[in-house]
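**Student:** My structure is in entry_16.cif, and what it holds is mmCIF, C-alpha atoms and all ligand atoms:
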```
data_work
#
loop_
_atom_site.label_atom_id
_atom_site.label_comp_id
_atom_site.auth_asym_id
_atom_site.auth_seq_id
_atom_site.Cartn_x
_atom_site.Cartn_y
_atom_site.Cartn_z
CA VAL A 1 69.89 92.60 105.90
CA PRO A 2 71.32 93.36 109.37
CA ALA A 3 69.24 90.50 110.78
CA VAL A 4 71.03 88.08 108.48
CA ILE A 5 74.46 89.13 109.64
CA ALA A 6 73.50 89.52 113.29
CA ARG A 7 75.12 86.31 114.30
CA PRO A 8 78.26 87.06 116.20
CA GLY A 9 79.70 83.70 116.99
CA SER A 10 83.08 82.14 117.27
CA PRO A 11 84.31 82.19 113.69
CA ALA A 12 86.44 79.14 113.13
CA GLN A 13 87.58 80.25 109.73
CA PRO A 14 87.31 83.48 107.85
CA ASN A 15 85.16 83.41 104.72
CA ALA A 16 86.51 84.34 101.28
CA ILE A 17 86.19 88.06 101.95
CA GLY A 18 87.88 87.60 105.30
CA ARG A 19 90.79 85.87 103.61
CA ALA A 20 91.10 88.62 101.01
CA LEU A 21 90.99 91.28 103.71
CA GLN A 22 93.51 89.43 105.81
CA LEU A 23 95.85 89.76 102.89
CA LEU A 24 94.93 93.08 101.25
CA GLY A 25 93.61 94.90 104.31
CA ASP A 26 97.11 95.99 105.14
CA ARG A 27 98.58 99.33 104.17
CA TRP A 28 102.00 97.98 103.26
CA THR A 29 100.61 95.17 101.14
CA LEU A 30 98.43 97.60 99.20
CA LEU A 31 101.38 99.93 98.69
CA ILE A 32 103.62 97.08 97.53
CA LEU A 33 101.02 95.94 94.99
CA ARG A 34 100.40 99.49 93.86
CA ASN A 35 104.09 100.00 93.14
CA MET A 36 104.28 96.68 91.33
CA PHE A 37 101.36 97.64 89.07
CA PHE A 38 101.86 101.39 88.64
CA SER A 39 105.64 101.58 88.62
CA ARG A 40 106.42 98.03 87.55
CA GLN A 41 108.75 97.59 90.48
CA ARG A 42 109.90 94.01 90.87
CA GLN A 43 112.96 94.04 93.07
CA PHE A 44 113.17 93.95 96.82
CA GLY A 45 115.52 96.95 96.93
CA GLU A 46 113.33 99.08 94.64
CA LEU A 47 110.27 98.43 96.78
CA ARG A 48 112.14 99.06 100.00
CA ASP A 49 113.64 102.35 98.85
CA SER A 50 110.50 103.74 97.23
CA LEU A 51 108.25 102.87 100.19
CA GLY A 52 110.71 103.70 102.95
CA ILE A 53 109.86 100.37 104.52
CA SER A 54 112.13 98.33 106.77
CA ASP A 55 113.66 95.09 105.47
CA SER A 56 111.82 93.04 108.05
CA VAL A 57 108.38 94.54 107.35
CA LEU A 58 108.88 94.22 103.60
CA THR A 59 110.04 90.63 103.97
CA SER A 60 107.03 89.69 106.08
CA ARG A 61 104.58 91.20 103.57
CA LEU A 62 106.28 89.62 100.55
CA ASP A 63 106.36 86.25 102.31
CA ALA A 64 102.61 86.50 102.99
CA LEU A 65 101.94 87.42 99.36
CA VAL A 66 104.00 84.46 98.18
CA ALA A 67 102.29 82.11 100.66
CA ASP A 68 98.90 83.22 99.36
CA ASP A 69 100.01 82.73 95.76
CA VAL A 70 99.73 86.41 94.80
CA LEU A 71 103.44 86.72 94.11
CA GLU A 72 106.14 84.28 93.17
CA ARG A 73 109.84 84.67 93.75
CA GLY A 74 111.79 85.16 90.59
CA GLU A 75 115.47 85.42 90.02
CA ARG A 76 117.99 86.67 92.47
CA VAL A 77 119.44 89.96 91.24
CA GLY A 78 122.61 90.80 93.10
CA ARG A 79 121.78 90.63 96.77
CA HIS A 80 118.06 90.88 96.25
CA VAL A 81 115.34 88.69 94.90
CA ASP A 82 112.88 89.80 92.31
CA TYR A 83 109.14 89.12 92.49
CA ARG A 84 106.47 88.42 89.90
CA LEU A 85 102.70 88.64 90.08
CA THR A 86 100.94 85.28 89.64
CA GLN A 87 97.59 84.99 87.84
CA ARG A 88 95.87 85.59 91.16
CA GLY A 89 98.09 88.63 91.73
CA LEU A 90 97.58 90.03 88.22
CA ASP A 91 93.85 89.76 88.82
CA VAL A 92 94.16 92.37 91.59
CA TRP A 93 94.35 94.99 88.80
CA ARG A 94 90.61 95.64 88.88
CA ILE A 95 90.72 96.43 92.61
CA LEU A 96 93.63 98.84 92.10
CA VAL A 97 91.96 100.52 89.12
CA ALA A 98 88.85 101.07 91.23
CA VAL A 99 91.00 102.49 94.05
CA TRP A 100 92.81 104.77 91.62
CA ALA A 101 89.54 106.07 90.12
CA TRP A 102 88.03 106.77 93.55
CA GLU A 103 91.12 108.56 94.84
CA ARG A 104 91.27 110.64 91.71
CA ARG A 105 87.65 111.71 91.96
CA TRP A 106 87.18 112.08 95.70
CA VAL A 107 90.48 112.86 97.32
CA PRO A 108 91.58 116.44 96.62
CA ALA A 109 95.01 117.91 97.24
CA ARG A 110 96.87 114.68 96.93
CA PRO A 111 100.50 114.81 98.00
CA ASP A 112 101.60 112.96 94.89
CA ASP A 113 100.37 113.00 91.34
CA LEU A 114 98.43 109.91 90.43
CA PRO A 115 99.46 108.39 87.15
CA VAL A 116 97.09 108.77 84.21
CA LEU A 117 95.42 105.61 82.98
CA VAL A 118 95.32 105.28 79.21
CA HIS A 119 93.07 102.86 77.36
CA GLU A 120 95.27 101.75 74.49
CA GLN A 121 92.40 100.53 72.37
CA CYS A 122 90.97 104.05 71.99
CA GLY A 123 94.18 105.87 72.89
CA LYS A 124 92.46 108.12 75.42
CA PRO A 125 92.92 108.73 79.14
CA THR A 126 90.17 106.77 80.83
CA GLU A 127 88.18 106.88 84.04
CA PRO A 128 86.74 103.41 84.41
CA ILE A 129 83.01 103.11 85.04
CA LEU A 130 81.58 100.26 87.09
CA SER A 131 79.03 98.43 85.00
CA CYS A 132 76.84 95.36 84.85
CA GLY A 133 78.49 92.38 83.18
CA GLY A 134 75.06 91.40 81.81
CA CYS A 135 73.28 94.50 80.48
CA GLU A 136 76.46 96.61 80.37
CA THR A 137 74.92 99.72 81.92
CA PRO A 138 76.70 101.75 84.61
CA THR A 139 75.98 100.42 88.09
CA GLY A 140 76.02 101.96 91.56
CA ALA A 141 75.49 100.36 94.96
CA ARG A 142 71.89 101.56 94.97
CA ASP A 143 71.04 99.62 91.79
CA LEU A 144 71.71 96.27 93.41
CA ASP A 145 69.83 93.88 95.65
CA THR A 146 72.29 92.23 97.97
CA THR A 147 71.92 88.76 99.44
CA LEU A 148 74.29 87.30 101.96
CA GLY A 149 75.10 83.66 101.30
CA PRO A 150 75.82 80.79 103.70
CA SER A 151 79.20 82.17 104.65
CA GLY A 152 78.28 85.81 104.22
CA ARG A 153 78.33 86.71 107.88
CA LEU A 154 80.32 89.85 108.37
CA ASP A 155 81.83 88.54 111.56
CA LEU A 156 83.53 85.90 109.41
CA ALA A 157 85.08 88.67 107.34
CA ALA A 158 86.51 90.30 110.43
CA PRO A 159 90.02 89.53 111.58
CA PRO A 160 90.48 86.88 114.21
CA ARG A 161 90.74 88.55 117.59
CA HIS A 162 94.21 87.32 118.40
CA ARG A 163 95.55 88.74 115.16
CA ARG A 164 94.25 92.21 115.77
CA ARG A 165 96.75 94.79 114.76
CA SER A 166 97.20 98.37 115.64
CA SER A 167 95.67 100.76 113.17
CA ARG A 168 98.72 102.96 113.40
CA PRO A 169 101.14 102.78 110.49
CA GLU A 170 104.34 100.93 111.28
CA ARG A 171 106.45 103.89 110.30
CA GLY A 172 105.20 107.35 109.57
CA VAL A 173 107.04 107.76 106.30
CA GLY A 174 105.85 109.57 103.22
CA ALA A 175 104.74 106.45 101.41
CA THR A 176 101.84 105.86 103.76
CA ALA A 177 100.50 109.27 102.80
CA LEU A 178 99.69 107.83 99.36
CA PHE A 179 96.15 106.49 98.95
CA PRO A 180 95.45 107.96 102.39
CA ASP A 181 91.67 107.70 102.26
CA THR A 182 91.64 104.25 100.70
CA LEU A 183 93.95 103.10 103.47
CA ALA A 184 91.62 104.60 106.06
CA ILE A 185 88.94 102.22 104.78
CA MET A 186 90.86 99.21 103.56
CA GLY A 187 94.27 99.45 105.18
CA ASP A 188 92.87 98.05 108.37
CA ARG A 189 90.63 95.01 108.35
CA TRP A 190 88.28 96.24 111.05
CA SER A 191 87.66 99.49 109.21
CA ALA A 192 86.85 97.49 106.08
CA VAL A 193 84.31 95.36 107.92
CA VAL A 194 82.71 98.37 109.64
CA PHE A 195 82.51 100.07 106.26
CA ALA A 196 80.94 96.95 104.68
CA ALA A 197 78.30 96.85 107.41
CA ALA A 198 77.46 100.50 106.73
CA LEU A 199 77.18 99.70 103.04
CA LEU A 200 74.75 96.89 103.85
CA GLY A 201 72.57 99.29 105.77
CA THR A 202 73.72 99.20 109.40
CA ARG A 203 73.08 102.59 111.00
CA ARG A 204 73.21 102.43 114.76
CA PHE A 205 76.22 102.04 116.99
CA SER A 206 74.62 99.19 118.93
CA ASP A 207 73.79 97.34 115.69
CA PHE A 208 77.37 97.61 114.45
CA GLN A 209 78.52 96.31 117.78
CA ARG A 210 76.13 93.37 117.82
CA GLU A 211 76.61 92.37 114.17
CA LEU A 212 80.37 92.53 114.24
CA GLY A 213 81.05 91.39 117.77
CA VAL A 214 83.42 94.30 118.18
CA SER A 215 84.40 96.24 121.30
CA PRO A 216 82.93 99.76 121.71
CA THR A 217 86.39 101.34 121.83
CA LEU A 218 87.54 99.70 118.64
CA LEU A 219 84.24 100.44 116.92
CA SER A 220 84.15 104.13 117.84
CA GLY A 221 87.75 104.53 116.66
CA ARG A 222 86.94 103.03 113.26
CA LEU A 223 83.71 104.99 112.89
CA ARG A 224 85.60 108.17 113.74
CA SER A 225 88.27 107.57 111.12
CA LEU A 226 85.60 106.90 108.49
CA GLU A 227 83.95 110.18 109.52
CA THR A 228 87.26 112.01 109.37
CA ILE A 229 87.80 111.17 105.72
CA GLY A 230 84.18 112.08 104.96
CA ALA A 231 83.01 108.59 103.98
CA LEU A 232 80.54 108.39 106.85
CA ALA A 233 78.42 111.08 108.51
CA ARG A 234 76.68 111.03 111.85
CA GLU A 235 73.10 112.14 111.70
CA GLY A 236 70.44 112.88 114.28
CA ARG A 237 69.62 110.08 116.70
CA GLY A 238 73.21 108.91 116.54
CA GLU A 239 72.81 107.10 113.24
CA TYR A 240 75.64 106.75 110.78
CA ARG A 241 75.14 107.02 107.06
CA LEU A 242 77.48 106.71 104.12
CA THR A 243 78.09 109.99 102.31
CA ASP A 244 78.30 110.29 98.52
CA LYS A 245 82.03 109.81 98.88
CA GLY A 246 81.47 106.67 100.94
CA LEU A 247 78.95 105.26 98.47
CA ALA A 248 81.35 106.00 95.62
CA PHE A 249 83.80 103.56 97.19
CA PHE A 250 81.44 100.73 96.23
CA PRO A 251 83.38 99.78 93.04
CA VAL A 252 86.40 98.97 95.20
CA VAL A 253 84.25 96.78 97.45
CA ALA A 254 82.64 95.10 94.44
CA MET A 255 86.02 94.31 92.91
CA LEU A 256 87.36 93.04 96.21
CA VAL A 257 84.36 90.73 96.72
CA ASP A 258 84.64 89.49 93.14
CA TRP A 259 88.37 88.79 93.52
CA ALA A 260 87.84 87.11 96.89
CA GLU A 261 85.11 84.82 95.54
CA ARG A 262 87.11 83.98 92.45
CA TRP A 263 90.32 83.06 94.23
CA PHE A 264 89.36 82.09 97.78
CA GLY A 265 85.69 81.24 97.44
CA ASP A 266 83.81 78.02 97.69
CA PRO A 267 81.00 77.99 95.08
CA ALA A 268 78.73 76.24 97.57
CA GLN A 269 79.47 78.85 100.24
CA VAL A 270 79.15 82.22 98.55
CA THR A 271 79.56 85.24 100.78
CA ILE A 272 77.55 87.92 99.02
CA SER A 273 75.63 87.90 95.78
CA PHE A 274 74.21 90.85 93.93
CA ARG A 275 71.26 91.18 91.58
CA HIS A 276 71.10 94.08 89.17
CA ARG A 277 67.62 95.51 89.60
CA PRO A 278 67.30 97.18 86.16
CA CYS A 279 68.02 93.97 84.18
CA GLY A 280 67.18 91.35 86.82
CA ALA A 281 70.37 89.37 86.22
CA VAL A 282 72.90 88.19 88.79
CA TRP A 283 75.35 91.05 88.83
CA ARG A 284 79.00 90.56 88.01
CA PRO A 285 81.08 93.73 88.07
CA GLY A 286 82.57 95.03 84.87
CA LEU A 287 84.72 98.07 84.12
CA ARG A 288 84.14 100.10 81.00
CA CYS A 289 86.16 102.86 79.43
CA ASP A 290 84.68 106.29 79.94
CA PRO A 291 85.45 107.81 76.53
CA CYS A 292 84.83 104.77 74.29
CA GLY A 293 82.46 102.63 76.36
CA GLU A 294 84.29 99.36 75.66
CA PRO A 295 85.03 96.86 78.44
CA LEU A 296 88.48 97.38 79.94
CA GLU A 297 90.97 94.52 79.89
CA ARG A 298 94.19 94.49 81.85
CA GLY A 299 96.42 94.17 78.80
CA GLU A 300 94.89 97.27 77.18
CA LEU A 301 95.69 99.65 80.02
CA ARG A 302 98.80 101.73 80.46
CA TRP A 303 99.77 103.88 83.43
CA THR A 304 101.65 106.96 82.33
ZN ZN B 401 72.33 94.56 84.37
ZN ZN B 402 88.56 103.50 75.57
#
```
Mind turning this structure into structure tokens?
Ligand SMILES: [Zn+2]
Ligand SMILES: [Zn+2]
**Tutor:**
Amino acid sequence: VPAVIARPGSPAQPNAIGRALQLLGDRWTLLILRNMFFSRQRQFGELRDSLGISDSVLTSRLDALVADDVLERGERVGRHVDYRLTQRGLDVWRILVAVWAWERRWVPARPDDLPVLVHEQCGKPTEPILSCGGCETPTGARDLDTTLGPSGRLDLAAPPRHRRRSSRPERGVGATALFPDTLAIMGDRWSAVVFAAALLGTRRFSDFQRELGVSPTLLSGRLRSLETIGALAREGRGEYRLTDKGLAFFPVVAMLVDWAERWFGDPAQVTISFRHRPCGAVWRPGLRCDPCGEPLERGELRWT
């Protein structure tokens, strides 16, 4: 696989995954969406106060979400506007559910209590299981054959150079301590791309560098932060390997790729496609309820 993505060039346009990461690979954007889904916050003032975010940063993120048709502006309430999720925005639920499940399982000693997710159809608290949309069996990254499509170069998923942002949070307030490990992977677009390369089998520092066209300083910083949260481990001969915790993040990646293809993709220019080895079918990710085994639908879930 690395040979297929080893084409650092001059990306004119990001591919579908690049567009999704440009939008969602931002800690504030993820936190805004999380509060809109988990806490049903809709108003500018509610979001600002709960996240401890400045007016200008919040405005810039909301504007970007509106421009990308994830949110729409609703009614003005007092001094502040209220926001609604569009169909494209509502569809982010599967990414957030995957994030929630991973944080719950792999991130101990969380500073806040994660809400409990209840499957209303069976009435039980659920931990969603990633499954195959075809044969319906549970699926892990190791059960899939991955093919990169015409626009599946990882360098096209990376942020344009001139838009590179600092990996430091804008303000060190409490809110950024939520979903800390997820943000270490996804809250920065370069980390996300480095992580994706590791998932696709890249092991050596020089291969990461060549495939992603990334500077050594930036690359070692991102590898170090993935090591710090225990998603990546350095082995003998300087090779990097995903840990069990890192591999368990695959459902988030799968949901992100699926969302990106669905809403930003060009059917003739797929980025990545998966085949489920046990059943042989093209793999589309599904989420099933742990206690009852039924497929999870957005309308049947309740955060409590
Ligand atoms: Zn299958
Ligand atoms: Zn259920």
**Student:** With a cut-off of 12 Å, could you pull out the residues of chain A touching ligand ZN 401 (chain B) and give me the nearest pair of atoms for each, distance in Å to one decimal, using all atoms listed in the file, ordered by chain and ascending number, as JSON lines?
**Tutor:**
```
{"residue": "A:Leu130", "atom": "CA", "partner": "B:ZN401", "partner_atom": "ZN", "distance": 11.2}
{"residue": "A:Ser131", "atom": "CA", "partner": "B:ZN401", "partner_atom": "ZN", "distance": 7.8}
{"residue": "A:Cys132", "atom": "CA", "partner": "B:ZN401", "partner_atom": "ZN", "distance": 4.6}
{"residue": "A:Gly133", "atom": "CA", "partner": "B:ZN401", "partner_atom": "ZN", "distance": 6.6}
{"residue": "A:Gly134", "atom": "CA", "partner": "B:ZN401", "partner_atom": "ZN", "distance": 4.9}
{"residue": "A:Cys135", "atom": "CA", "partner": "B:ZN401", "partner_atom": "ZN", "distance": 4.0}
{"residue": "A:Glu136", "atom": "CA", "partner": "B:ZN401", "partner_atom": "ZN", "distance": 6.1}
{"residue": "A:Thr137", "atom": "CA", "partner": "B:ZN401", "partner_atom": "ZN", "distance": 6.3}
{"residue": "A:Pro138", "atom": "CA", "partner": "B:ZN401", "partner_atom": "ZN", "distance": 8.4}
{"residue": "A:Thr139", "atom": "CA", "partner": "B:ZN401", "partner_atom": "ZN", "distance": 7.8}
{"residue": "A:Gly140", "atom": "CA", "partner": "B:ZN401", "partner_atom": "ZN", "distance": 11.0}
{"residue": "A:Asp143", "atom": "CA", "partner": "B:ZN401", "partner_atom": "ZN", "distance": 9.1}
{"residue": "A:Leu144", "atom": "CA", "partner": "B:ZN401", "partner_atom": "ZN", "distance": 9.2}
{"residue": "A:Asp145", "atom": "CA", "partner": "B:ZN401", "partner_atom": "ZN", "distance": 11.6}
{"residue": "A:Phe274", "atom": "CA", "partner": "B:ZN401", "partner_atom": "ZN", "distance": 10.4}
{"residue": "A:Arg275", "atom": "CA", "partner": "B:ZN401", "partner_atom": "ZN", "distance": 8.0}
{"residue": "A:His276", "atom": "CA", "partner": "B:ZN401", "partner_atom": "ZN", "distance": 5.0}
{"residue": "A:Arg277", "atom": "CA", "partner": "B:ZN401", "partner_atom": "ZN", "distance": 7.1}
{"residue": "A:Pro278", "atom": "CA", "partner": "B:ZN401", "partner_atom": "ZN", "distance": 5.9}
{"residue": "A:Cys279", "atom": "CA", "partner": "B:ZN401", "partner_atom": "ZN", "distance": 4.4}
{"residue": "A:Gly280", "atom": "CA", "partner": "B:ZN401", "partner_atom": "ZN", "distance": 6.5}
{"residue": "A:Ala281", "atom": "CA", "partner": "B:ZN401", "partner_atom": "ZN", "distance": 5.8}
{"residue": "A:Val282", "atom": "CA", "partner": "B:ZN401", "partner_atom": "ZN", "distance": 7.8}
{"residue": "A:Trp283", "atom": "CA", "partner": "B:ZN401", "partner_atom": "ZN", "distance": 6.4}
{"residue": "A:Arg284", "atom": "CA", "partner": "B:ZN401", "partner_atom": "ZN", "distance": 8.6}
{"residue": "A:Pro285", "atom": "CA", "partner": "B:ZN401", "partner_atom": "ZN", "distance": 9.5}
{"residue": "A:Gly286", "atom": "CA", "partner": "B:ZN401", "partner_atom": "ZN", "distance": 10.3}
```
**Student:** Excluding same-chain residues fewer than 4 positions from region 40-42 of chain A, what lies within 10 Å of it counting all atoms listed in the file, as a PyMOL selection string?
**Tutor:** chain A and resi 32-36+46-47+50+73-74+81-85+303
**Student:** Please dump the current selection as a CSV table (one decimal), in the coordinates of the input; keep C-alpha atoms.
**Tutor:**
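Resulting contents of result_30.csv:
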```csv
chain,number,residue,atom,x,y,z
A,32,ILE,CA,103.6,97.1,97.5
A,33,LEU,CA,101.0,95.9,95.0
A,34,ARG,CA,100.4,99.5,93.9
A,35,ASN,CA,104.1,100.0,93.1
A,36,MET,CA,104.3,96.7,91.3
A,46,GLU,CA,113.3,99.1,94.6
A,47,LEU,CA,110.3,98.4,96.8
A,50,SER,CA,110.5,103.7,97.2
A,73,ARG,CA,109.8,84.7,93.8
A,74,GLY,CA,111.8,85.2,90.6
A,81,VAL,CA,115.3,88.7,94.9
A,82,ASP,CA,112.9,89.8,92.3
A,83,TYR,CA,109.1,89.1,92.5
A,84,ARG,CA,106.5,88.4,89.9
A,85,LEU,CA,102.7,88.6,90.1
A,303,TRP,CA,99.8,103.9,83.4
```
**Student:** Is it possible to get the residues within 9 Å of (90.8, 100.4, 103.0) (coordinates as in the file, counting only C-alpha atoms) written as a PyMOL selection string?
**Tutor:** chain A and resi 24-27+30+180-189+191-192+195
**Student:** What do you get as JSON, numbers by chain if you pick all residues at most 8 Å from ligand ZN 402 (chain B), counting all atoms listed in the file?
**Tutor:** {"A": [118, 119, 120, 121, 122, 123, 124, 125, 126, 288, 289, 290, 291, 292, 293, 294, 296]}
**Student:** Go ahead and write the residues just picked, C-alpha atoms, as a compact mmCIF listing (two decimals), in the coordinates of the input.
**Tutor:**
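The new file again.txt reads:
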```txt
# COMPACT_ATOMS: atom_id res chain seq x y z
CA VAL A 118 95.32 105.28 79.21
CA HIS A 119 93.07 102.86 77.36
CA GLU A 120 95.27 101.75 74.49
CA GLN A 121 92.40 100.53 72.37
CA CYS A 122 90.97 104.05 71.99
CA GLY A 123 94.18 105.87 72.89
CA LYS A 124 92.46 108.12 75.42
CA PRO A 125 92.92 108.73 79.14
CA THR A 126 90.17 106.77 80.83
CA ARG A 288 84.14 100.10 81.00
CA CYS A 289 86.16 102.86 79.43
CA ASP A 290 84.68 106.29 79.94
CA PRO A 291 85.45 107.81 76.53
CA CYS A 292 84.83 104.77 74.29
CA GLY A 293 82.46 102.63 76.36
CA GLU A 294 84.29 99.36 75.66
CA LEU A 296 88.48 97.38 79.94
```
**Student:** For Ala196 (chain A), which residue out of A:Ala268, A:Ala67, A:Ala141, A:Ala101 is the nearest one, using all atoms listed in the file?
**Tutor:**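 Checking each candidate against Ala196 (chain A), we get A:Ala141 as the closest.
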**Student:** Which is closest to Gly265 (chain A) among A:Pro150, A:Leu223, A:Pro128, A:Gln209, if we use all atoms listed in the file?
**Tutor:** A:Pro150
**Student:** When distances are computed from all atoms listed in the file, which of A:Met255, A:Leu287, A:Ala198, A:Leu212 shows the smallest separation from Ala231 (chain A)?
**Tutor:**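 Smallest separation from Ala231 (chain A) among the options: A:Ala198.
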**Student:** Measuring between all atoms listed in the file, which one of A:Val92, A:Arg222, A:Leu31, A:Tyr240 shows the shortest distance to Asp207 (chain A)?
**Tutor:** A:Tyr240
**Student:** So that all listed atoms of region 18-30 of chain A fit with 6 Å spare on each side, what axis-aligned box centre and edge lengths in Å, to one decimal, would you give as JSON?
**Tutor:**
```
{"center_x": 94.9, "center_y": 92.6, "center_z": 102.5, "size_x": 26.1, "size_y": 25.5, "size_z": 18.6}
```
**Student:** Between CA of Arg88 (chain A) and CA of Arg298 (chain A), what is the distance in Å, rounded to a tenth?
**Tutor:**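 That distance, rounded to one decimal, is 13.0 Å.
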**Student:** With distances taken over only C-alpha atoms, which residue among A:Pro251, A:Gly52, A:Pro115, A:Pro267 lies nearest Ser39 (chain A)?
**Tutor:**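 Of all the options, A:Pro115 lies closest to Ser39 (chain A).
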**Student:** What is the CA of Val116 (chain A)-CA of Leu96 (chain A) distance in Å, reported with one decimal?
**Tutor:**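 A separation of 13.1 Å between them.
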**Student:** Enter the distance from CA of Gln269 (chain A) to CA of Gly149 (chain A), in Å, rounded to one decimal.
**Tutor:** 6.6 Å
**Student:** For Glu72 (chain A), which of A:Leu242, A:Gly230, A:Val97, A:Gln43 is the closest residue, counting only C-alpha atoms?
**Tutor:**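 When distances to Glu72 (chain A) are compared using only C-alpha atoms, the smallest one comes from A:Gln43.
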**Student:** Tell me, as a list in words, which residues lie within 10 Å of Asp258 (chain A), counting all atoms listed in the file; anything in the same chain fewer than 3 positions away does not count.
**Tutor:**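 Near Asp258 (chain A), the qualifying residues are Ala16, Ile17, Arg94, Ile95, Val252, Val253, Ala254, Met255, Glu261, Arg262, Trp263, Phe264, Gly265, Ile272, Ser273, Arg284 and Pro285 of chain A.
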**Student:** List the spatial neighbours of Thr29 (chain A) as a list in words - criterion: any atom at most 8 Å away, all atoms listed in the file, same-chain residues fewer than 5 positions off excluded.
**Tutor:**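 Neighbouring residues, sequence-local ones excluded: Leu23, Leu24, Arg61 and Leu62 of chain A.
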**Student:** How would the residues just chosen look if you wrote them out with C-alpha atoms as a compact mmCIF listing (two decimals), keeping the file's coordinate frame?
**Tutor:**
```txt
# COMPACT_ATOMS: atom_id res chain seq x y z
CA LEU A 23 95.85 89.76 102.89
CA LEU A 24 94.93 93.08 101.25
CA ARG A 61 104.58 91.20 103.57
CA LEU A 62 106.28 89.62 100.55
```
